[in-house]
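**Q** This is start_17.cif (mmCIF, C-alpha atoms, pLDDT in the B column; chains and numbers go by the auth columns).
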```
data_model
loop_
_atom_site.group_PDB
_atom_site.id
_atom_site.type_symbol
_atom_site.label_atom_id
_atom_site.label_comp_id
_atom_site.label_asym_id
_atom_site.label_seq_id
_atom_site.Cartn_x
_atom_site.Cartn_y
_atom_site.Cartn_z
_atom_site.B_iso_or_equiv
_atom_site.auth_seq_id
_atom_site.auth_asym_id
ATOM 1 C CA MET A 1 1.921 25.977 12.318 47.00 21 A
ATOM 2 C CA ALA A 2 -0.347 24.617 15.007 54.00 22 A
ATOM 3 C CA GLU A 3 -2.413 21.710 13.778 74.00 23 A
ATOM 4 C CA GLU A 4 -5.621 23.709 13.982 84.00 24 A
ATOM 5 C CA LEU A 5 -7.705 25.202 11.194 90.00 25 A
ATOM 6 C CA LEU A 6 -9.189 28.673 11.403 90.00 26 A
ATOM 7 C CA LEU A 7 -12.480 28.479 9.527 89.00 27 A
ATOM 8 C CA ASP A 8 -15.076 31.179 8.954 92.00 28 A
ATOM 9 C CA THR A 9 -18.238 29.391 7.850 89.00 29 A
ATOM 10 C CA THR A 10 -19.995 32.703 7.142 93.00 30 A
ATOM 11 C CA LEU A 11 -17.835 33.151 4.019 94.00 31 A
ATOM 12 C CA THR A 12 -18.914 32.015 0.572 95.00 32 A
ATOM 13 C CA LYS A 13 -17.524 28.667 -0.546 95.00 33 A
ATOM 14 C CA ALA A 14 -14.913 30.462 -2.659 96.00 34 A
ATOM 15 C CA GLY A 15 -14.009 32.577 0.381 96.00 35 A
ATOM 16 C CA GLN A 16 -13.703 29.493 2.548 96.00 36 A
ATOM 17 C CA TYR A 17 -11.316 27.951 0.029 97.00 37 A
ATOM 18 C CA ARG A 18 -9.279 31.192 -0.070 96.00 38 A
ATOM 19 C CA GLN A 19 -9.013 30.928 3.720 96.00 39 A
ATOM 20 C CA LEU A 20 -8.285 27.184 3.799 97.00 40 A
ATOM 21 C CA LEU A 21 -5.713 26.672 1.019 97.00 41 A
ATOM 22 C CA PRO A 22 -2.955 28.794 2.615 96.00 42 A
ATOM 23 C CA GLN A 23 -3.504 26.897 5.867 96.00 43 A
ATOM 24 C CA ILE A 24 -3.062 23.550 4.098 97.00 44 A
ATOM 25 C CA GLU A 25 0.039 24.919 2.391 95.00 45 A
ATOM 26 C CA ALA A 26 1.461 26.042 5.744 94.00 46 A
ATOM 27 C CA LEU A 27 0.646 22.661 7.261 94.00 47 A
ATOM 28 C CA THR A 28 2.432 20.745 4.503 96.00 48 A
ATOM 29 C CA THR A 29 5.356 23.053 3.703 95.00 49 A
ATOM 30 C CA GLY A 30 8.597 21.506 4.848 94.00 50 A
ATOM 31 C CA GLU A 31 6.982 18.124 5.572 96.00 51 A
ATOM 32 C CA PRO A 32 8.707 15.577 3.322 97.00 52 A
ATOM 33 C CA ASP A 33 6.361 12.665 4.055 98.00 53 A
ATOM 34 C CA LEU A 34 3.772 12.094 1.317 98.00 54 A
ATOM 35 C CA THR A 35 1.386 10.126 3.530 98.00 55 A
ATOM 36 C CA ALA A 36 1.366 12.833 6.203 97.00 56 A
ATOM 37 C CA ASN A 37 0.633 15.548 3.652 98.00 57 A
ATOM 38 C CA LEU A 38 -2.132 13.604 1.917 98.00 58 A
ATOM 39 C CA ALA A 39 -3.703 12.617 5.256 98.00 59 A
ATOM 40 C CA ASN A 40 -3.718 16.170 6.609 97.00 60 A
ATOM 41 C CA THR A 41 -5.088 17.517 3.334 98.00 61 A
ATOM 42 C CA ALA A 42 -7.959 15.008 3.343 98.00 62 A
ATOM 43 C CA ALA A 43 -8.703 15.802 6.994 97.00 63 A
ATOM 44 C CA ALA A 44 -8.613 19.576 6.406 97.00 64 A
ATOM 45 C CA LEU A 45 -10.991 19.391 3.433 98.00 65 A
ATOM 46 C CA ARG A 46 -13.445 17.183 5.289 97.00 66 A
ATOM 47 C CA GLN A 47 -13.283 19.334 8.421 95.00 67 A
ATOM 48 C CA ALA A 48 -13.751 22.559 6.481 96.00 68 A
ATOM 49 C CA PHE A 49 -16.629 21.478 4.264 96.00 69 A
ATOM 50 C CA GLY A 50 -18.164 18.422 5.915 95.00 70 A
ATOM 51 C CA PHE A 51 -17.826 16.348 2.753 96.00 71 A
ATOM 52 C CA PHE A 52 -19.062 12.737 2.998 96.00 72 A
ATOM 53 C CA TRP A 53 -15.725 11.285 1.857 97.00 73 A
ATOM 54 C CA VAL A 54 -12.364 12.832 0.967 98.00 74 A
ATOM 55 C CA GLY A 55 -9.337 10.833 -0.038 98.00 75 A
ATOM 56 C CA PHE A 56 -6.574 9.999 -2.426 98.00 76 A
ATOM 57 C CA TYR A 57 -5.978 7.128 -4.800 98.00 77 A
ATOM 58 C CA LEU A 58 -2.362 6.583 -5.852 98.00 78 A
ATOM 59 C CA VAL A 59 -1.318 5.253 -9.239 98.00 79 A
ATOM 60 C CA LYS A 60 0.404 1.890 -8.800 98.00 80 A
ATOM 61 C CA GLY A 61 0.942 0.038 -12.055 96.00 81 A
ATOM 62 C CA ASP A 62 -2.365 -0.238 -13.902 94.00 82 A
ATOM 63 C CA GLU A 63 -4.512 0.549 -10.860 97.00 83 A
ATOM 64 C CA LEU A 64 -5.391 3.301 -8.457 98.00 84 A
ATOM 65 C CA VAL A 65 -4.764 2.113 -4.907 98.00 85 A
ATOM 66 C CA LEU A 66 -6.487 3.642 -1.903 98.00 86 A
ATOM 67 C CA GLY A 67 -4.357 6.133 -0.011 98.00 87 A
ATOM 68 C CA PRO A 68 -5.052 8.408 2.954 98.00 88 A
ATOM 69 C CA PHE A 69 -8.714 9.323 3.356 98.00 89 A
ATOM 70 C CA GLN A 70 -11.391 10.581 5.731 97.00 90 A
ATOM 71 C CA GLY A 71 -14.826 8.967 5.820 96.00 91 A
ATOM 72 C CA PRO A 72 -16.374 5.504 5.591 95.00 92 A
ATOM 73 C CA ILE A 73 -14.407 2.539 4.260 94.00 93 A
ATOM 74 C CA ALA A 74 -13.755 2.696 0.534 93.00 94 A
ATOM 75 C CA CYS A 75 -12.920 0.693 -2.554 92.00 95 A
ATOM 76 C CA THR A 76 -9.296 -0.397 -2.339 96.00 96 A
ATOM 77 C CA ARG A 77 -8.375 -0.705 -6.026 96.00 97 A
ATOM 78 C CA ILE A 78 -9.744 0.937 -9.161 96.00 98 A
ATOM 79 C CA ARG A 79 -8.752 -0.043 -12.693 95.00 99 A
ATOM 80 C CA HIS A 80 -7.571 2.509 -15.256 96.00 100 A
ATOM 81 C CA GLY A 81 -10.575 4.112 -16.925 94.00 101 A
ATOM 82 C CA LYS A 82 -13.129 2.610 -14.519 94.00 102 A
ATOM 83 C CA GLY A 83 -15.542 4.723 -12.490 93.00 103 A
ATOM 84 C CA VAL A 84 -15.114 8.439 -11.944 95.00 104 A
ATOM 85 C CA CYS A 85 -11.628 8.082 -10.428 96.00 105 A
ATOM 86 C CA GLY A 86 -10.345 5.796 -13.177 96.00 106 A
ATOM 87 C CA ALA A 87 -11.869 8.048 -15.856 96.00 107 A
ATOM 88 C CA SER A 88 -10.238 11.137 -14.348 97.00 108 A
ATOM 89 C CA TRP A 89 -6.907 9.286 -14.371 98.00 109 A
ATOM 90 C CA ALA A 90 -7.359 8.120 -17.969 97.00 110 A
ATOM 91 C CA GLN A 91 -8.394 11.585 -19.199 97.00 111 A
ATOM 92 C CA ALA A 92 -5.913 13.461 -16.955 98.00 112 A
ATOM 93 C CA GLN A 93 -8.615 15.980 -16.143 98.00 113 A
ATOM 94 C CA THR A 94 -11.012 16.958 -13.400 98.00 114 A
ATOM 95 C CA LEU A 95 -14.413 15.310 -13.481 97.00 115 A
ATOM 96 C CA LEU A 96 -17.309 17.035 -11.751 96.00 116 A
ATOM 97 C CA VAL A 97 -20.289 14.675 -11.438 96.00 117 A
ATOM 98 C CA PRO A 98 -23.575 16.177 -10.157 96.00 118 A
ATOM 99 C CA ASP A 99 -25.300 12.764 -9.909 95.00 119 A
ATOM 100 C CA VAL A 100 -23.094 9.685 -9.691 92.00 120 A
ATOM 101 C CA GLU A 101 -25.999 7.428 -10.715 88.00 121 A
ATOM 102 C CA GLN A 102 -25.888 9.115 -14.133 91.00 122 A
ATOM 103 C CA PHE A 103 -22.160 8.498 -14.647 90.00 123 A
ATOM 104 C CA PRO A 104 -21.589 5.495 -16.946 81.00 124 A
ATOM 105 C CA GLY A 105 -19.655 2.811 -15.074 73.00 125 A
ATOM 106 C CA HIS A 106 -19.833 4.538 -11.691 73.00 126 A
ATOM 107 C CA ILE A 107 -18.314 2.378 -8.953 74.00 127 A
ATOM 108 C CA ALA A 108 -20.593 2.508 -5.925 71.00 128 A
ATOM 109 C CA CYS A 109 -18.224 2.218 -2.964 74.00 129 A
ATOM 110 C CA SER A 110 -21.090 3.633 -0.888 69.00 130 A
ATOM 111 C CA SER A 111 -24.734 4.000 -1.804 76.00 131 A
ATOM 112 C CA ASP A 112 -24.723 7.204 0.270 84.00 132 A
ATOM 113 C CA SER A 113 -22.501 8.973 -2.264 89.00 133 A
ATOM 114 C CA LYS A 114 -24.621 11.177 -4.540 93.00 134 A
ATOM 115 C CA SER A 115 -22.195 13.590 -6.247 96.00 135 A
ATOM 116 C CA GLU A 116 -18.446 13.606 -6.750 96.00 136 A
ATOM 117 C CA ILE A 117 -15.459 15.583 -7.937 98.00 137 A
ATOM 118 C CA VAL A 118 -12.178 13.912 -8.864 98.00 138 A
ATOM 119 C CA VAL A 119 -9.037 15.958 -9.502 98.00 139 A
ATOM 120 C CA PRO A 120 -5.870 14.370 -10.891 98.00 140 A
ATOM 121 C CA ILE A 121 -2.441 15.127 -9.475 98.00 141 A
ATOM 122 C CA ILE A 122 -0.059 15.458 -12.404 98.00 142 A
ATOM 123 C CA LYS A 123 3.730 15.265 -12.051 97.00 143 A
ATOM 124 C CA ASN A 124 6.008 15.552 -15.094 96.00 144 A
ATOM 125 C CA GLY A 125 3.028 15.096 -17.426 96.00 145 A
ATOM 126 C CA LEU A 126 1.780 11.892 -15.764 97.00 146 A
ATOM 127 C CA VAL A 127 -1.112 11.377 -13.376 98.00 147 A
ATOM 128 C CA VAL A 128 0.420 10.081 -10.128 98.00 148 A
ATOM 129 C CA ALA A 129 -2.727 10.171 -7.980 98.00 149 A
ATOM 130 C CA VAL A 130 -6.254 11.550 -7.812 98.00 150 A
ATOM 131 C CA LEU A 131 -8.134 13.447 -5.137 98.00 151 A
ATOM 132 C CA ASP A 132 -11.643 12.021 -4.774 98.00 152 A
ATOM 133 C CA VAL A 133 -14.308 14.021 -2.931 98.00 153 A
ATOM 134 C CA ASP A 134 -17.810 12.620 -2.474 96.00 154 A
ATOM 135 C CA SER A 135 -20.962 14.235 -1.141 96.00 155 A
ATOM 136 C CA ASP A 136 -24.136 12.666 0.159 96.00 156 A
ATOM 137 C CA GLN A 137 -26.015 15.499 -1.609 96.00 157 A
ATOM 138 C CA LEU A 138 -26.797 15.746 -5.315 96.00 158 A
ATOM 139 C CA ASN A 139 -25.061 18.494 -7.308 97.00 159 A
ATOM 140 C CA ASP A 140 -22.911 19.531 -4.340 96.00 160 A
ATOM 141 C CA PHE A 141 -19.810 20.559 -6.312 97.00 161 A
ATOM 142 C CA ASP A 142 -19.316 23.501 -8.627 97.00 162 A
ATOM 143 C CA HIS A 143 -16.610 25.470 -10.388 97.00 163 A
ATOM 144 C CA ASP A 144 -15.503 27.075 -7.110 97.00 164 A
ATOM 145 C CA ASP A 145 -14.642 23.574 -5.868 98.00 165 A
ATOM 146 C CA GLN A 146 -12.983 22.717 -9.168 98.00 166 A
ATOM 147 C CA ARG A 147 -10.794 25.838 -9.285 98.00 167 A
ATOM 148 C CA ALA A 148 -9.690 25.575 -5.664 98.00 168 A
ATOM 149 C CA LEU A 149 -9.079 21.831 -5.688 98.00 169 A
ATOM 150 C CA GLU A 150 -7.136 22.015 -8.951 98.00 170 A
ATOM 151 C CA GLN A 151 -4.968 24.738 -7.417 98.00 171 A
ATOM 152 C CA LEU A 152 -4.452 22.590 -4.325 98.00 172 A
ATOM 153 C CA MET A 153 -3.552 19.510 -6.398 98.00 173 A
ATOM 154 C CA LEU A 154 -1.007 21.584 -8.329 97.00 174 A
ATOM 155 C CA THR A 155 0.645 22.235 -4.963 96.00 175 A
ATOM 156 C CA ALA A 156 0.239 18.556 -4.041 97.00 176 A
ATOM 157 C CA SER A 157 2.150 17.478 -7.152 98.00 177 A
ATOM 158 C CA GLY A 158 5.277 18.813 -5.426 96.00 178 A
ATOM 159 C CA TRP A 159 4.878 16.213 -2.683 97.00 179 A
ATOM 160 C CA PHE A 160 5.500 13.358 -5.139 96.00 180 A
#
```
Starting from the file, lay out its structure as structure tokens.
**A**
Amino acid sequence: MAEELLLDTTLTKAGQYRQLLPQIEALTTGEPDLTANLANTAAALRQAFGFFWVGFYLVKGDELVLGPFQGPIACTRIRHGKGVCGASWAQAQTLLVPDVEQFPGHIACSSDSKSEIVVPIIKNGLVVAVLDVDSDQLNDFDHDDQRALEQLMLTASGWF
């Protein structure tokens, strides 16, 4: 596949995801390098939706460690159970946060982040990483994002 995304911004968000996910799958299929796949996935999501920040945190011991991302500099390490990413890891479930200021223990890597969705990547019953997507708009994520990103992270679990 050429490293170019075909995006129709006139589609609904769900339609845009239906268009984008097969392109990410084609881009990553056959590529054995985890970093390359995570980097291209973060870039594709940010390019498609203009999110403020898109990236991955990888489980290393008792911390999440910053992996490939697109956007401003970010927190490098997050403890288990801390912030939205650490809570998603601890609960092994997606967290959709309409207003990060209302999330107990939110870690403010950037004061420009207003809403967030974090989706765990689960391999053999264990969280191995999380996808973190931030918006500079309140209440920017919904169940269309959740469904599509969970589907994408199910695919991503095969990269680990």
**Q** Applied to this file, what does the PyMOL selection byres ((chain A and resi 165-177) around 7) return in terms of residues, put as a list in words?
**A**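 Written out, the selection comes to Tyr37, Leu41, Val139, Ile141, Ile142, Lys143, Phe161, Asp162, His163, Asp164, Gly178, Trp179 and Phe180 of chain A.
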**Q** Take the residues from that selection and put them in a file with C-alpha atoms, as an mmCIF file, in the frame of the given file.
**A**
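The resulting file, part.cif, is reproduced below:
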```cif
data_model
loop_
_atom_site.group_PDB
_atom_site.id
_atom_site.type_symbol
_atom_site.label_atom_id
_atom_site.label_comp_id
_atom_site.auth_asym_id
_atom_site.auth_seq_id
_atom_site.Cartn_x
_atom_site.Cartn_y
_atom_site.Cartn_z
ATOM 1 C CA TYR A 37 -11.316 27.951 0.029
ATOM 2 C CA LEU A 41 -5.713 26.672 1.019
ATOM 3 C CA VAL A 139 -9.037 15.958 -9.502
ATOM 4 C CA ILE A 141 -2.441 15.127 -9.475
ATOM 5 C CA ILE A 142 -0.059 15.458 -12.404
ATOM 6 C CA LYS A 143 3.730 15.265 -12.051
ATOM 7 C CA PHE A 161 -19.810 20.559 -6.312
ATOM 8 C CA ASP A 162 -19.316 23.501 -8.627
ATOM 9 C CA HIS A 163 -16.610 25.470 -10.388
ATOM 10 C CA ASP A 164 -15.503 27.075 -7.110
ATOM 11 C CA GLY A 178 5.277 18.813 -5.426
ATOM 12 C CA TRP A 179 4.878 16.213 -2.683
ATOM 13 C CA PHE A 180 5.500 13.358 -5.139
#
```
**Q** Give me the residues near Glu83 in chain A as number ranges by chain, where near means some atom within 6 Å (using only C-alpha atoms) and where sequence neighbours in that chain fewer than 4 positions away do not count.
**A** A: 79, 98-100
**Q** Evaluate the PyMOL selection byres ((chain A and resi 159) around 9) against this structure - the residues, as a list in words, please.
**A**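 Given this file, the PyMOL selection byres ((chain A and resi 159) around 9) evaluates to Val117, Pro118, Asp119, Lys134, Ser135, Glu136, Ser155, Gln157, Leu158, Asp160, Phe161 and Asp162 of chain A.
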**Q** Near Val150 in chain A, within 7 Å and counting all atoms listed in the file, which residues show up once chain neighbours fewer than 6 positions away are dropped, as a PyMOL selection string?
**A** chain A and resi 76-78+105+109+138-141
**Q** So, with all atoms listed in the file as the atoms that count, which of A:Ala64, A:Thr48, A:Asp154, A:Val147 lies closest to Ala110 in chain A?
**A**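 Looking at the shortest contact to Ala110 in chain A, the residue is A:Val147.
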**Q** At a cut-off of 7 Å, using all atoms listed in the file, what residues contact range 121-130 of chain A? Leave out same-chain residues fewer than 6 positions from it and give the result as a PDB file with C-alpha atoms, in the coordinates of the input.
**A**
```
ATOM      1  CA  ALA A  94     -13.755   2.696   0.534  1.00 93.00           C
ATOM      2  CA  CYS A  95     -12.920   0.693  -2.554  1.00 92.00           C
ATOM      3  CA  LYS A 102     -13.129   2.610 -14.519  1.00 94.00           C
ATOM      4  CA  GLY A 103     -15.542   4.723 -12.490  1.00 93.00           C
ATOM      5  CA  VAL A 104     -15.114   8.439 -11.944  1.00 95.00           C
TER       6      VAL A 104
END
```
**Q** So the first atom is CA of Ile137 in chain A and the second is CA of Val153 in chain A; what is the distance between them in Å, to one decimal place?
**A**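 Between these atoms lies a distance of 5.4 Å.
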**Q** Using all atoms listed in the file, determine which residues lie at most 7 Å from Gly75 in chain A, disregarding the query and same-chain residues fewer than 6 positions distant; provide the list as a list in words.
**A**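 Counting all atoms listed in the file, the residues come to Ala62, Gly87, Pro88, Phe89, Gln90, Leu151, Asp152 and Val153 of chain A.
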**Q** Between CA of Asn60 in chain A and CA of Leu26 in chain A, what distance in Å does the model show, to one decimal?
**A**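 Pair CA of Asn60 in chain A / CA of Leu26 in chain A returns 14.5 Å.
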**Q** What gap, in Å, lies between CA of Leu54 in chain A and CA of Leu146 in chain A?
**A** 17.2 Å
**Q** Under the rule that only C-alpha atoms are counted, which of A:Thr55, A:Thr114, A:Leu40, A:Ser108 is the nearest residue to Leu86 in chain A?
**A**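 Closest to Leu86 in chain A of all the choices is A:Thr55.
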**Q** Name the closest residue to Gly35 in chain A among the candidates A:Val74, A:Ala68, A:Ala63, A:Val120; distances are taken between atoms, counting only C-alpha atoms.
**A**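 Result for the nearest residue to Gly35 in chain A: A:Ala68.
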**Q** Using the chain letters and numbers from this file, what does the PyMOL selection byres ((chain A and resi 27) around 12) select? Give the answer as a VMD selection string.
**A** chain A and resid 24 to 26 28 to 33 35 to 44 64 to 65 67 to 69
